[in-house]
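For reference, data-v8.tsv (TSV, C-alpha atoms):
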```
chain	number	residue	atom	x	y	z
A	3	MET	CA	51.14	-5.02	0.79
A	4	ALA	CA	47.39	-4.70	0.16
A	5	ALA	CA	46.34	-3.12	-3.12
A	6	GLU	CA	44.94	0.41	-2.79
A	7	PHE	CA	41.89	1.83	-4.52
A	8	THR	CA	43.36	4.92	-6.22
A	9	ARG	CA	41.76	8.03	-7.69
A	10	ALA	CA	42.46	6.77	-11.20
A	11	MET	CA	40.52	3.56	-10.47
A	12	ARG	CA	37.39	5.52	-9.63
A	13	ARG	CA	36.75	6.23	-13.32
A	14	ASP	CA	36.46	2.69	-14.66
A	15	TYR	CA	36.45	0.20	-11.79
A	16	THR	CA	33.42	-1.84	-10.78
A	17	ILE	CA	33.06	-2.12	-6.99
A	18	LEU	CA	31.36	-5.30	-5.73
A	19	ALA	CA	29.36	-5.14	-2.50
A	20	PRO	CA	27.62	-8.02	-0.67
A	21	ASP	CA	23.82	-8.12	-0.47
A	22	MET	CA	23.24	-7.34	3.20
A	23	PHE	CA	19.80	-5.71	3.45
A	24	PRO	CA	16.61	-6.36	1.49
A	25	THR	CA	15.60	-3.49	-0.81
A	26	HIS	CA	17.96	-1.07	0.89
A	27	MET	CA	21.02	-2.21	-1.05
A	28	GLU	CA	19.47	-1.37	-4.42
A	29	LEU	CA	18.78	2.16	-3.18
A	30	LEU	CA	22.24	2.54	-1.63
A	31	GLN	CA	23.77	1.37	-4.91
A	32	ALA	CA	22.09	4.34	-6.61
A	33	ILE	CA	23.45	6.73	-3.96
A	34	PHE	CA	27.01	5.54	-4.56
A	35	ARG	CA	26.58	5.92	-8.31
A	36	ILE	CA	25.50	9.56	-8.15
A	37	HIS	CA	28.71	10.20	-6.20
A	38	GLY	CA	30.81	8.65	-8.95
A	39	TYR	CA	31.28	5.05	-7.75
A	40	ARG	CA	30.16	2.15	-9.95
A	41	VAL	CA	28.90	-0.10	-7.15
A	42	VAL	CA	27.27	-3.43	-8.02
A	43	ILE	CA	25.40	-5.53	-5.45
A	44	VAL	CA	26.14	-9.25	-5.83
A	45	HIS	CA	23.16	-11.52	-5.23
A	46	ASP	CA	24.70	-15.00	-5.63
A	47	GLU	CA	23.40	-17.48	-3.04
A	48	GLY	CA	23.41	-21.19	-2.30
A	49	LYS	CA	25.87	-23.91	-1.40
A	50	LYS	CA	28.39	-22.77	-4.01
A	51	VAL	CA	28.74	-19.42	-2.24
A	52	ILE	CA	29.03	-20.98	1.23
A	53	ASP	CA	31.62	-23.44	-0.07
A	54	THR	CA	33.63	-20.55	-1.53
A	55	GLY	CA	33.52	-18.73	1.79
A	56	LEU	CA	34.58	-21.83	3.71
A	57	LYS	CA	37.38	-22.55	1.25
A	58	TYR	CA	39.13	-19.24	1.81
A	59	LEU	CA	38.11	-18.40	5.40
A	60	HIS	CA	38.67	-20.29	8.62
A	61	ASN	CA	35.60	-22.45	9.25
A	62	ASP	CA	35.36	-21.06	12.79
A	63	MET	CA	34.82	-17.57	11.42
A	64	CYS	CA	31.50	-15.73	11.85
A	65	TYR	CA	28.73	-17.04	9.61
A	66	PRO	CA	27.96	-13.53	8.24
A	67	ALA	CA	31.59	-13.31	7.06
A	68	ILE	CA	31.35	-16.70	5.32
A	69	CYS	CA	28.14	-15.61	3.55
A	70	ALA	CA	29.00	-12.03	2.62
A	71	ILE	CA	32.67	-12.54	1.78
A	72	GLY	CA	31.71	-15.77	0.04
A	73	GLN	CA	29.37	-13.77	-2.22
A	74	GLN	CA	32.16	-11.40	-3.24
A	75	LEU	CA	34.76	-14.11	-3.79
A	76	TYR	CA	32.32	-16.25	-5.79
A	77	ALA	CA	31.49	-13.23	-7.97
A	78	LEU	CA	35.19	-12.83	-8.76
A	79	THR	CA	35.33	-16.44	-9.99
A	80	SER	CA	32.14	-16.17	-12.06
A	81	GLY	CA	33.80	-14.70	-15.14
A	82	GLU	CA	31.34	-11.77	-15.18
A	83	TYR	CA	33.90	-9.17	-14.12
A	84	ASP	CA	37.23	-7.95	-15.44
A	85	LEU	CA	39.51	-8.71	-12.51
A	86	ASN	CA	41.88	-5.95	-13.63
A	87	ARG	CA	39.09	-3.40	-13.15
A	88	THR	CA	37.23	-4.75	-10.14
A	89	ALA	CA	37.40	-3.76	-6.48
A	90	LEU	CA	35.55	-4.97	-3.39
A	91	ILE	CA	33.92	-2.93	-0.64
A	92	PHE	CA	33.03	-4.06	2.85
A	93	PHE	CA	31.52	-2.43	5.91
A	94	GLN	CA	33.55	-1.95	9.09
A	95	THR	CA	31.64	-1.07	12.23
A	96	GLY	CA	34.67	-0.19	14.32
A	97	GLY	CA	33.11	-1.98	17.30
A	98	GLY	CA	34.51	-4.76	19.43
A	99	CYS	CA	33.09	-7.70	17.48
A	100	ARG	CA	34.98	-9.55	14.76
A	101	ALA	CA	33.13	-7.63	12.03
A	102	SER	CA	35.78	-4.93	12.33
A	103	ASN	CA	38.32	-7.48	11.04
A	104	TYR	CA	36.38	-8.71	8.00
A	105	ILE	CA	38.44	-6.44	5.76
A	106	MET	CA	41.65	-8.22	6.73
A	107	LEU	CA	39.98	-11.61	6.24
A	108	LEU	CA	38.89	-10.56	2.76
A	109	ARG	CA	42.41	-9.44	1.81
A	110	LYS	CA	43.89	-12.65	3.17
A	111	ALA	CA	41.38	-14.68	1.13
A	112	LEU	CA	42.29	-12.74	-2.02
A	113	GLU	CA	45.96	-13.56	-1.45
A	114	LYS	CA	45.06	-17.26	-1.19
A	115	MET	CA	43.19	-16.99	-4.49
A	116	GLY	CA	46.12	-15.29	-6.20
A	117	LEU	CA	44.09	-12.09	-6.53
A	118	GLY	CA	46.02	-9.86	-4.17
A	119	GLU	CA	45.93	-7.06	-6.76
A	120	VAL	CA	42.15	-6.62	-6.26
A	121	PRO	CA	41.68	-3.53	-4.06
A	122	VAL	CA	39.47	-3.74	-0.96
A	123	ILE	CA	37.71	-0.59	0.22
A	124	SER	CA	36.67	-0.08	3.84
A	125	LEU	CA	33.30	1.61	4.32
A	126	SER	CA	33.54	2.80	7.90
A	127	LEU	CA	31.90	5.65	9.78
A	128	THR	CA	34.84	5.68	12.19
A	129	GLY	CA	37.53	6.03	9.53
A	130	LEU	CA	39.35	2.80	10.37
A	131	GLU	CA	40.98	2.80	6.94
A	132	ARG	CA	41.30	5.28	4.10
A	133	SER	CA	41.56	4.69	0.36
A	134	PRO	CA	42.95	7.46	-1.87
A	135	GLY	CA	40.20	6.93	-4.45
A	136	PHE	CA	37.23	6.55	-2.10
A	137	ARG	CA	35.82	9.11	0.29
A	138	PHE	CA	32.67	8.54	2.32
A	139	THR	CA	31.72	12.19	2.72
A	140	PRO	CA	29.11	13.71	5.07
A	141	SER	CA	26.85	14.38	2.07
A	142	MET	CA	27.07	10.69	1.08
A	143	LEU	CA	26.26	9.66	4.65
A	144	LEU	CA	23.17	11.87	4.78
A	145	ALA	CA	22.00	10.68	1.35
A	146	ALA	CA	22.56	7.06	2.38
A	147	MET	CA	20.53	7.58	5.55
A	148	ARG	CA	17.63	8.92	3.50
A	149	ALA	CA	17.84	5.88	1.24
A	150	ILE	CA	17.77	3.68	4.34
A	151	ILE	CA	14.59	5.41	5.55
A	152	TYR	CA	12.95	4.70	2.19
A	153	GLY	CA	14.07	1.07	2.43
A	154	ASP	CA	12.73	0.80	5.98
A	155	MET	CA	9.34	2.12	4.89
A	156	LEU	CA	9.17	-0.34	1.99
A	157	LEU	CA	10.12	-3.20	4.34
A	158	LEU	CA	7.52	-2.16	6.91
A	159	LEU	CA	4.66	-1.74	4.42
A	160	LYS	CA	5.55	-4.85	2.42
A	161	ASN	CA	5.50	-7.08	5.50
A	162	GLN	CA	2.12	-5.73	6.62
A	163	THR	CA	0.53	-6.03	3.17
A	164	LEU	CA	1.95	-9.20	1.60
A	165	PRO	CA	0.23	-11.76	3.89
A	166	TYR	CA	-3.18	-10.18	3.26
A	167	GLU	CA	-3.11	-9.30	-0.47
A	168	THR	CA	-6.03	-10.73	-2.46
A	169	ARG	CA	-4.15	-10.61	-5.78
A	170	PRO	CA	-0.77	-12.34	-5.49
A	171	GLY	CA	2.02	-10.15	-6.81
A	172	ASP	CA	0.44	-6.76	-6.01
A	173	THR	CA	2.76	-6.05	-3.09
A	174	ALA	CA	5.92	-7.08	-4.94
A	175	ALA	CA	4.88	-4.88	-7.88
A	176	VAL	CA	4.52	-1.82	-5.66
A	177	VAL	CA	7.91	-2.49	-4.03
A	178	GLN	CA	9.58	-2.72	-7.45
A	179	LYS	CA	7.76	0.39	-8.65
A	180	TRP	CA	9.19	2.41	-5.77
A	181	ILE	CA	12.69	1.00	-6.16
A	182	ARG	CA	12.59	2.12	-9.83
A	183	THR	CA	11.06	5.49	-8.93
A	184	LEU	CA	13.57	6.27	-6.20
A	185	THR	CA	16.52	5.05	-8.25
A	186	GLU	CA	15.44	7.32	-11.09
A	187	GLN	CA	15.04	10.25	-8.71
A	188	PHE	CA	18.46	9.64	-7.17
A	189	SER	CA	20.09	9.49	-10.61
A	190	HIS	CA	18.92	13.10	-11.12
A	191	ARG	CA	19.82	14.04	-7.53
A	192	ARG	CA	16.17	14.30	-6.56
A	193	GLY	CA	14.22	12.64	-3.77
A	194	LEU	CA	16.82	13.52	-1.13
A	195	SER	CA	15.51	16.80	0.30
A	196	ARG	CA	13.31	16.73	3.38
A	197	ARG	CA	10.35	17.95	1.35
A	198	ALA	CA	10.88	15.20	-1.22
A	199	LEU	CA	11.30	12.64	1.56
A	200	ARG	CA	7.97	13.68	3.06
A	201	ARG	CA	6.21	13.58	-0.31
A	202	ASN	CA	7.62	10.21	-1.32
A	203	LEU	CA	6.89	8.54	2.01
A	204	ARG	CA	3.26	9.64	1.91
A	205	ALA	CA	2.82	8.58	-1.72
A	206	MET	CA	4.45	5.24	-0.92
A	207	THR	CA	2.08	4.62	1.99
A	208	GLU	CA	-0.91	5.53	-0.17
A	209	ASP	CA	0.16	3.01	-2.83
A	210	PHE	CA	0.30	0.17	-0.30
A	211	HIS	CA	-2.98	1.33	1.23
A	212	LYS	CA	-4.66	0.88	-2.17
A	213	ILE	CA	-3.64	-2.79	-2.48
A	214	PRO	CA	-6.77	-4.96	-1.97
A	215	ARG	CA	-6.41	-7.01	1.21
A	216	GLU	CA	-8.51	-9.57	3.04
A	217	LYS	CA	-9.10	-9.52	6.77
A	218	LYS	CA	-7.81	-12.63	8.50
A	219	GLU	CA	-6.15	-13.57	11.75
A	220	LEU	CA	-2.47	-14.40	11.40
A	221	THR	CA	0.18	-15.14	14.00
A	222	LYS	CA	2.31	-12.04	14.45
A	223	VAL	CA	6.04	-12.68	14.63
A	224	GLY	CA	8.88	-10.21	15.15
A	225	VAL	CA	12.48	-10.78	14.08
A	226	VAL	CA	15.52	-9.39	15.89
A	227	GLY	CA	19.15	-10.44	16.07
A	228	GLU	CA	22.58	-9.91	14.54
A	229	ILE	CA	22.31	-7.36	11.76
A	230	TYR	CA	23.24	-9.65	8.85
A	231	VAL	CA	21.16	-12.72	9.65
A	232	LYS	CA	18.26	-10.51	10.75
A	233	TYR	CA	17.88	-9.00	7.27
A	234	ALA	CA	19.68	-11.09	4.65
A	235	SER	CA	17.51	-13.95	3.39
A	236	PHE	CA	20.71	-15.76	2.36
A	237	GLY	CA	21.97	-15.60	5.93
A	238	ASN	CA	18.71	-16.67	7.59
A	239	ASN	CA	17.63	-19.31	5.06
A	240	GLY	CA	14.66	-17.29	3.83
A	241	LEU	CA	13.25	-16.72	7.33
A	242	GLU	CA	10.62	-14.18	6.29
A	243	ALA	CA	9.37	-16.34	3.41
A	244	PHE	CA	9.19	-19.37	5.72
A	245	LEU	CA	7.19	-17.48	8.34
A	246	LEU	CA	4.85	-16.26	5.61
A	247	SER	CA	4.31	-19.85	4.46
A	248	GLN	CA	3.36	-20.76	8.05
A	249	GLY	CA	0.54	-18.23	8.20
A	250	CYS	CA	2.42	-15.40	9.91
A	251	GLU	CA	2.71	-11.66	9.58
A	252	VAL	CA	6.32	-10.58	10.12
A	253	MET	CA	7.68	-7.38	11.63
A	254	VAL	CA	11.39	-6.59	11.30
A	255	PRO	CA	12.72	-3.37	12.89
A	256	GLY	CA	14.26	-0.94	10.39
A	257	VAL	CA	17.91	-0.76	9.39
A	258	LEU	CA	18.05	2.91	10.42
A	259	GLY	CA	17.79	1.82	14.07
A	260	PHE	CA	21.16	0.07	13.90
A	261	PHE	CA	22.87	3.21	12.61
A	262	GLN	CA	21.10	5.34	15.22
A	263	TYR	CA	22.37	2.88	17.82
A	264	CYS	CA	25.93	3.39	16.54
A	265	PHE	CA	25.56	7.19	16.66
A	266	ALA	CA	24.03	7.05	20.17
A	267	ASN	CA	26.96	4.95	21.39
A	268	THR	CA	29.37	7.85	20.83
A	269	GLU	CA	27.80	9.54	23.87
A	270	THR	CA	28.24	6.34	25.91
A	271	ASP	CA	31.87	6.13	24.80
A	272	ARG	CA	32.42	9.68	25.96
A	273	ARG	CA	30.74	9.12	29.34
A	274	TYR	CA	32.22	5.70	30.13
A	275	TYR	CA	35.54	5.61	28.30
A	276	GLY	CA	36.58	9.22	27.82
A	277	THR	CA	36.65	9.26	24.01
A	278	PRO	CA	37.06	12.69	22.37
A	279	LEU	CA	34.29	15.24	22.83
A	280	LEU	CA	34.27	15.98	19.09
A	281	SER	CA	33.29	12.38	18.30
A	282	ALA	CA	30.43	12.50	20.80
A	283	LEU	CA	29.18	15.82	19.40
A	284	ALA	CA	29.34	14.56	15.81
A	285	GLY	CA	27.42	11.42	16.77
A	286	LYS	CA	24.82	13.47	18.60
A	287	LEU	CA	24.37	15.78	15.61
A	288	VAL	CA	23.88	12.96	13.10
A	289	LEU	CA	21.53	11.18	15.53
A	290	ARG	CA	19.41	14.32	15.84
A	291	ILE	CA	19.22	14.67	12.04
A	292	SER	CA	18.22	11.02	11.65
A	293	GLU	CA	15.52	11.38	14.31
A	294	ASN	CA	14.06	14.38	12.44
A	295	TRP	CA	13.84	12.29	9.27
A	296	GLU	CA	12.46	9.35	11.24
A	297	ARG	CA	9.57	11.61	12.29
A	298	GLU	CA	8.66	12.09	8.62
A	299	MET	CA	8.24	8.33	8.32
A	300	LEU	CA	6.05	8.18	11.43
A	301	ARG	CA	3.94	11.14	10.24
A	302	ALA	CA	3.39	9.51	6.86
A	303	LEU	CA	1.80	6.54	8.65
A	304	GLU	CA	-0.52	8.59	10.87
A	305	ASP	CA	-3.36	8.77	8.32
A	306	TYR	CA	-3.28	5.00	7.73
A	307	PRO	CA	-4.18	3.31	11.03
A	308	GLU	CA	-4.29	-0.12	9.37
A	309	PHE	CA	-0.49	-0.08	9.36
A	310	VAL	CA	1.34	-0.67	12.65
A	311	SER	CA	3.83	2.15	13.04
A	312	PRO	CA	7.25	1.62	14.67
A	313	VAL	CA	8.18	3.60	17.76
A	314	SER	CA	10.73	6.39	17.79
A	315	PHE	CA	14.37	5.62	18.52
A	316	ASP	CA	14.06	7.56	21.78
A	317	ARG	CA	11.42	5.06	22.85
A	318	VAL	CA	13.67	2.12	21.87
A	319	LYS	CA	16.36	3.57	24.16
A	320	GLU	CA	13.86	3.86	27.02
A	321	LEU	CA	12.76	0.25	26.55
A	322	ALA	CA	16.37	-0.97	26.44
A	323	ASP	CA	17.19	0.93	29.65
A	324	ARG	CA	14.63	-1.21	31.49
A	325	VAL	CA	16.59	-4.33	30.56
A	326	ILE	CA	20.31	-3.59	30.31
A	327	ASP	CA	22.89	-0.82	30.69
A	328	ARG	CA	23.92	1.26	27.65
A	329	GLY	CA	27.52	0.28	28.27
A	330	VAL	CA	26.68	-3.13	26.80
A	331	LYS	CA	27.30	-2.11	23.20
A	332	MET	CA	29.34	-4.84	21.54
A	333	GLY	CA	27.61	-6.19	18.45
A	334	GLU	CA	23.92	-5.29	18.64
A	335	GLY	CA	24.24	-4.74	22.40
A	336	TRP	CA	21.40	-2.93	24.12
A	337	LEU	CA	19.61	-2.37	20.81
A	338	LEU	CA	18.60	-6.04	20.70
A	339	PRO	CA	16.46	-6.07	23.89
A	340	GLY	CA	15.18	-2.58	23.03
A	341	GLU	CA	13.88	-3.79	19.65
A	342	THR	CA	12.48	-6.97	21.20
A	343	ALA	CA	10.51	-4.93	23.74
A	344	GLN	CA	9.28	-2.64	20.96
A	345	LEU	CA	7.95	-5.59	18.98
A	346	ILE	CA	6.19	-7.09	21.99
A	347	GLU	CA	4.53	-3.77	22.86
A	348	LYS	CA	3.35	-3.47	19.24
A	349	GLY	CA	1.63	-6.86	19.42
A	350	TYR	CA	4.39	-9.04	17.95
A	351	SER	CA	4.93	-11.03	21.13
A	352	ASN	CA	6.37	-14.03	19.27
A	353	VAL	CA	9.99	-13.09	18.56
A	354	VAL	CA	12.67	-14.97	16.64
A	355	CYS	CA	16.16	-13.92	17.76
A	356	ALA	CA	18.35	-14.78	14.74
A	357	GLN	CA	21.90	-15.51	15.87
A	358	PRO	CA	25.02	-16.58	13.96
A	359	PHE	CA	26.47	-19.53	15.83
A	360	GLY	CA	29.54	-18.36	17.71
A	361	CYS	CA	28.60	-14.66	17.65
A	362	LEU	CA	29.58	-13.95	21.24
A	363	PRO	CA	28.02	-10.46	21.68
A	364	ASN	CA	24.74	-11.57	20.14
A	365	HIS	CA	24.50	-14.74	22.21
A	366	ILE	CA	25.27	-12.95	25.47
A	367	VAL	CA	22.79	-10.12	24.92
A	368	GLY	CA	20.26	-12.12	22.90
A	369	LYS	CA	19.94	-15.10	25.22
A	370	GLY	CA	21.05	-13.25	28.34
A	371	THR	CA	18.18	-10.76	28.33
A	372	ILE	CA	15.35	-13.19	27.57
A	373	ARG	CA	14.61	-13.88	31.24
A	374	LYS	CA	14.34	-10.17	32.06
A	375	LEU	CA	12.16	-9.55	29.01
A	376	ARG	CA	9.83	-12.38	30.05
A	377	GLU	CA	9.57	-10.86	33.52
A	378	LEU	CA	8.57	-7.53	31.97
A	379	TYR	CA	6.33	-9.12	29.34
A	380	PRO	CA	4.79	-12.42	30.58
A	381	GLU	CA	3.15	-12.91	27.16
A	382	ALA	CA	6.52	-12.89	25.39
A	383	ASN	CA	7.36	-16.00	23.35
A	384	ILE	CA	11.04	-15.48	22.47
A	385	PHE	CA	13.02	-18.14	20.62
A	386	PRO	CA	16.74	-17.85	19.71
A	387	VAL	CA	17.59	-19.60	16.43
A	388	ASP	CA	21.22	-20.29	15.46
A	389	TYR	CA	22.44	-19.95	11.85
A	390	ASP	CA	25.71	-21.43	10.68
A	391	ALA	CA	27.27	-23.05	7.61
A	392	GLY	CA	26.93	-26.45	9.31
A	393	ALA	CA	23.48	-25.89	10.83
A	394	SER	CA	20.49	-27.85	9.57
A	395	ARG	CA	17.76	-25.81	7.91
A	396	VAL	CA	15.26	-28.48	8.95
A	397	ASN	CA	16.25	-28.09	12.60
A	398	GLN	CA	15.92	-24.31	12.36
A	399	GLU	CA	12.47	-24.53	10.81
A	400	ASN	CA	11.33	-27.15	13.31
A	401	ARG	CA	12.39	-24.88	16.15
A	402	ILE	CA	10.38	-22.03	14.63
A	403	LYS	CA	7.38	-24.36	14.19
A	404	LEU	CA	7.62	-25.18	17.90
A	405	MET	CA	7.52	-21.47	18.70
A	406	LEU	CA	4.44	-21.04	16.48
A	407	ALA	CA	2.72	-24.06	18.07
A	408	MET	CA	3.22	-22.50	21.50
A	409	ALA	CA	1.93	-19.16	20.19
A	410	ARG	CA	-1.24	-20.74	18.80
A	411	GLU	CA	-1.93	-22.58	22.04
A	412	ARG	CA	-2.10	-19.19	23.75
A	413	GLU	CA	-4.46	-17.65	21.20
```
Would you mind writing the structure in this file as structure tokens?
Amino acid sequence: MAAEFTRAMRRDYTILAPDMFPTHMELLQAIFRIHGYRVVIVHDEGKKVIDTGLKYLHNDMCYPAICAIGQQLYALTSGEYDLNRTALIFFQTGGGCRASNYIMLLRKALEKMGLGEVPVISLSLTGLERSPGFRFTPSMLLAAMRAIIYGDMLLLLKNQTLPYETRPGDTAAVVQKWIRTLTEQFSHRRGLSRRALRRNLRAMTEDFHKIPREKKELTKVGVVGEIYVKYASFGNNGLEAFLLSQGCEVMVPGVLGFFQYCFANTETDRRYYGTPLLSALAGKLVLRISENWEREMLRALEDYPEFVSPVSFDRVKELADRVIDRGVKMGEGWLLPGETAQLIEKGYSNVVCAQPFGCLPNHIVGKGTIRKLRELYPEANIFPVDYDAGASRVNQENRIKLMLAMARERE
């Protein structure tokens, strides 16, 4: 029987979480801590982590599972943590892809390691599992969504400033300043009201605006794909850094969009599959709240026309509807073509679709909608790139170089 995370454990247990999103995870860690959970984000990377994942998981398993679970298992073997006071936490989407089963894979791996006493906590918006000592409350959800908005703004501004900075290190310094500032605010339960959100977002934008930048023409590249390899540098072999080294400006849609997609799908579930009305209403309510906060981000950018602003989630839905039906919602589903169309319309017509090899939903929707997207946007230069434990980094980078060569021929 799997070990449970009990109420007594909450007081002195360290909870290890994989590093899934850039910047965002540090802010989410602070949110968990103000609610009484000592969450630590593990940042281990490299072959040693992949080898650990492959050792305890089937090698045909999803690449994100090998990376993220590998990080947690490697951390347990590092000697840094008291295994009698350590738990693991993992996200469960509740959708039809294998990600909903990662929790069971993690527990099975712990049994193989002789660490079956280590509790595993499910972080799920759909309540797939419950732990007596862990409750993901509505107030935690709303606070986490605000933290995600802050992370999205930092990601957006960083990517539009870093390639042009005249003093190397300025952009990274501002990002770190705001991570420290927000973490400090969260620790005192500040920075989470709508007024504070508005104030912080505007101050953040002003700080990036002040960074000295040079004007130069760079190839604009957007990144879409499966949620882990789209954001995690470990999962995509440092994709953003590589594109930067090739003279590109990168645009990656925000993490909030994925959660809005999940909330919007409750209405689809109700219409197509007859799921309970209460679930659809709850999803609609949270989606409406998130869209109100999203507007604060868009308003903060209005006075700074040098920054390309993302479109609203309503617009992403409209763009997706031109390509595919909303009933296609396994994995990233209709969100993927919606985000691709958004990037193209914003001038990022060169798009890398990052895909874990063997991720069926992502391959079907990612590759399957390219033809329709090219019909709608003849200028689109969309390249799927597969990531896997056995894939060659050189081959991945050569494929991206081919995409960039085609882009520069058109310029």
task: Could you tell me how far atom CA of Gln74 of chain A lies from atom CA of Ala234 of chain A, in Å and to one decimal?
output: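 Interatomic distance, atom CA of Gln74 of chain A to atom CA of Ala234 of chain A: 14.8 Å.
Minimum distance to Pro307 of chain A across A:Thr207, A:Gln73, A:Thr168, A:Thr54 (counting all atoms listed in the file) occurs at A:Thr207.
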Counting all atoms listed in the file, which residues of segment 156-187 of chain A fall within 8 Å of segment 21-30 of chain A, and what is the closest atom pair for each with its distance in Å at one decimal, ordered by chain and rising number, as a tab-separated table?
```
residue	atom	partner	partner_atom	distance
A:Leu156	CA	A:Thr25	CA	7.7
A:Leu157	CA	A:Thr25	CA	7.5
A:Ile181	CA	A:Leu29	CA	6.9
A:Leu184	CA	A:Leu29	CA	7.3
A:Thr185	CA	A:Leu29	CA	6.3
```
Counting only C-alpha atoms, what are the residues of segment 264-293 of chain A within 10 Å of segment 123-143 of chain A, and for each of them which pair of atoms is the nearest and at what distance in Å, to one decimal? Sort the table by chain and rising number, as CSV.
```
residue,atom,partner,partner_atom,distance
A:Cys264,CA,A:Leu127,CA,9.3
A:Phe265,CA,A:Leu127,CA,9.5
A:Ser281,CA,A:Thr128,CA,9.2
A:Val288,CA,A:Leu143,CA,9.4
```
What is the distance, in Å and to one decimal place, between atom CA of Leu90 of chain A and atom CA of Glu119 of chain A?
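If I compute the distance from atom CA of Leu90 of chain A to atom CA of Glu119 of chain A, I get 11.1 Å.
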- prompt: Hey, what's within 10 Å of segment 394-404 of chain A if we count all atoms listed in the file and toss same-chain stuff fewer than 3 positions away? As a PyMOL selection string, please?
  reply: chain A and resi 238-241+244-245+248+353-354+385-391+407-410
Create the file for the chosen residues now, containing C-alpha atoms and written as a PDB file, in the frame of the given file.
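Result file out.pdb:
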```pdb
ATOM      1  CA  ASN A 238      18.710 -16.670   7.590  1.00  0.00           C
ATOM      2  CA  ASN A 239      17.630 -19.310   5.060  1.00  0.00           C
ATOM      3  CA  GLY A 240      14.660 -17.290   3.830  1.00  0.00           C
ATOM      4  CA  LEU A 241      13.250 -16.720   7.330  1.00  0.00           C
ATOM      5  CA  PHE A 244       9.190 -19.370   5.720  1.00  0.00           C
ATOM      6  CA  LEU A 245       7.190 -17.480   8.340  1.00  0.00           C
ATOM      7  CA  GLN A 248       3.360 -20.760   8.050  1.00  0.00           C
ATOM      8  CA  VAL A 353       9.990 -13.090  18.560  1.00  0.00           C
ATOM      9  CA  VAL A 354      12.670 -14.970  16.640  1.00  0.00           C
ATOM     10  CA  PHE A 385      13.020 -18.140  20.620  1.00  0.00           C
ATOM     11  CA  PRO A 386      16.740 -17.850  19.710  1.00  0.00           C
ATOM     12  CA  VAL A 387      17.590 -19.600  16.430  1.00  0.00           C
ATOM     13  CA  ASP A 388      21.220 -20.290  15.460  1.00  0.00           C
ATOM     14  CA  TYR A 389      22.440 -19.950  11.850  1.00  0.00           C
ATOM     15  CA  ASP A 390      25.710 -21.430  10.680  1.00  0.00           C
ATOM     16  CA  ALA A 391      27.270 -23.050   7.610  1.00  0.00           C
ATOM     17  CA  ALA A 407       2.720 -24.060  18.070  1.00  0.00           C
ATOM     18  CA  MET A 408       3.220 -22.500  21.500  1.00  0.00           C
ATOM     19  CA  ALA A 409       1.930 -19.160  20.190  1.00  0.00           C
ATOM     20  CA  ARG A 410      -1.240 -20.740  18.800  1.00  0.00           C
TER      21      ARG A 410
END
```
Separating atom CA of Ala67 of chain A from atom CA of Val257 of chain A, to the nearest tenth of an Å, is a gap of 18.7 Å
Query - Among listed residues A:Arg35, A:Gly48, A:Val325, A:Gly237, nearest Ala70 of chain A (using all atoms listed in the file) - result: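 That would be A:Gly237, the residue with the smallest distance to Ala70 of chain A.
For the residues A:Ile366, A:Met155, A:Ile150, A:Met253, ranking by smallest atom-to-atom distance to Lys232 of chain A using only C-alpha atoms places A:Met253 first.
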Please produce, as a Markdown table, a per-residue contact table for segment 357-396 of chain A versus segment 330-347 of chain A (criterion: any atom at most 12 Å away, all atoms listed in the file considered), showing the nearest atom pair and its distance in Å to one decimal, sorted by chain then residue number.
```
| residue | atom | partner | partner_atom | distance |
| --- | --- | --- | --- | --- |
| A:Gln357 | CA | A:Glu334 | CA | 10.8 |
| A:Pro358 | CA | A:Gly333 | CA | 11.6 |
| A:Cys361 | CA | A:Gly333 | CA | 8.6 |
| A:Leu362 | CA | A:Gly333 | CA | 8.5 |
| A:Pro363 | CA | A:Gly333 | CA | 5.4 |
| A:Asn364 | CA | A:Gly333 | CA | 6.3 |
| A:His365 | CA | A:Gly333 | CA | 9.8 |
| A:Ile366 | CA | A:Gly335 | CA | 8.8 |
| A:Val367 | CA | A:Gly335 | CA | 6.1 |
| A:Gly368 | CA | A:Leu338 | CA | 6.7 |
| A:Lys369 | CA | A:Pro339 | CA | 9.8 |
| A:Gly370 | CA | A:Pro339 | CA | 9.6 |
| A:Thr371 | CA | A:Pro339 | CA | 6.7 |
| A:Ile372 | CA | A:Pro339 | CA | 8.1 |
| A:Arg373 | CA | A:Pro339 | CA | 10.9 |
| A:Lys374 | CA | A:Pro339 | CA | 9.4 |
| A:Leu375 | CA | A:Ala343 | CA | 7.2 |
| A:Arg376 | CA | A:Ala343 | CA | 9.8 |
| A:Glu377 | CA | A:Ala343 | CA | 11.5 |
| A:Leu378 | CA | A:Ala343 | CA | 8.8 |
| A:Tyr379 | CA | A:Ile346 | CA | 7.6 |
| A:Pro380 | CA | A:Ile346 | CA | 10.2 |
| A:Glu381 | CA | A:Ile346 | CA | 8.4 |
| A:Ala382 | CA | A:Ile346 | CA | 6.7 |
| A:Asn383 | CA | A:Ile346 | CA | 9.1 |
| A:Ile384 | CA | A:Thr342 | CA | 8.7 |
| A:Phe385 | CA | A:Thr342 | CA | 11.2 |
| A:Pro386 | CA | A:Thr342 | CA | 11.8 |
```
As JSON, please report the centre and edge lengths, rounded to one decimal in Å, of the axis-aligned box that holds all listed atoms of segment 142-146 of chain A with 4 Å of padding on each of the six sides.
```
{"center_x": 24.5, "center_y": 9.5, "center_z": 2.9, "size_x": 13.1, "size_y": 12.8, "size_z": 11.7}
```
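Candidate residues A:Arg109, A:Trp180, A:Gly116, A:Phe93 were compared for distance to Thr79 of chain A, and the nearest is A:Gly116, using all atoms listed in the file.
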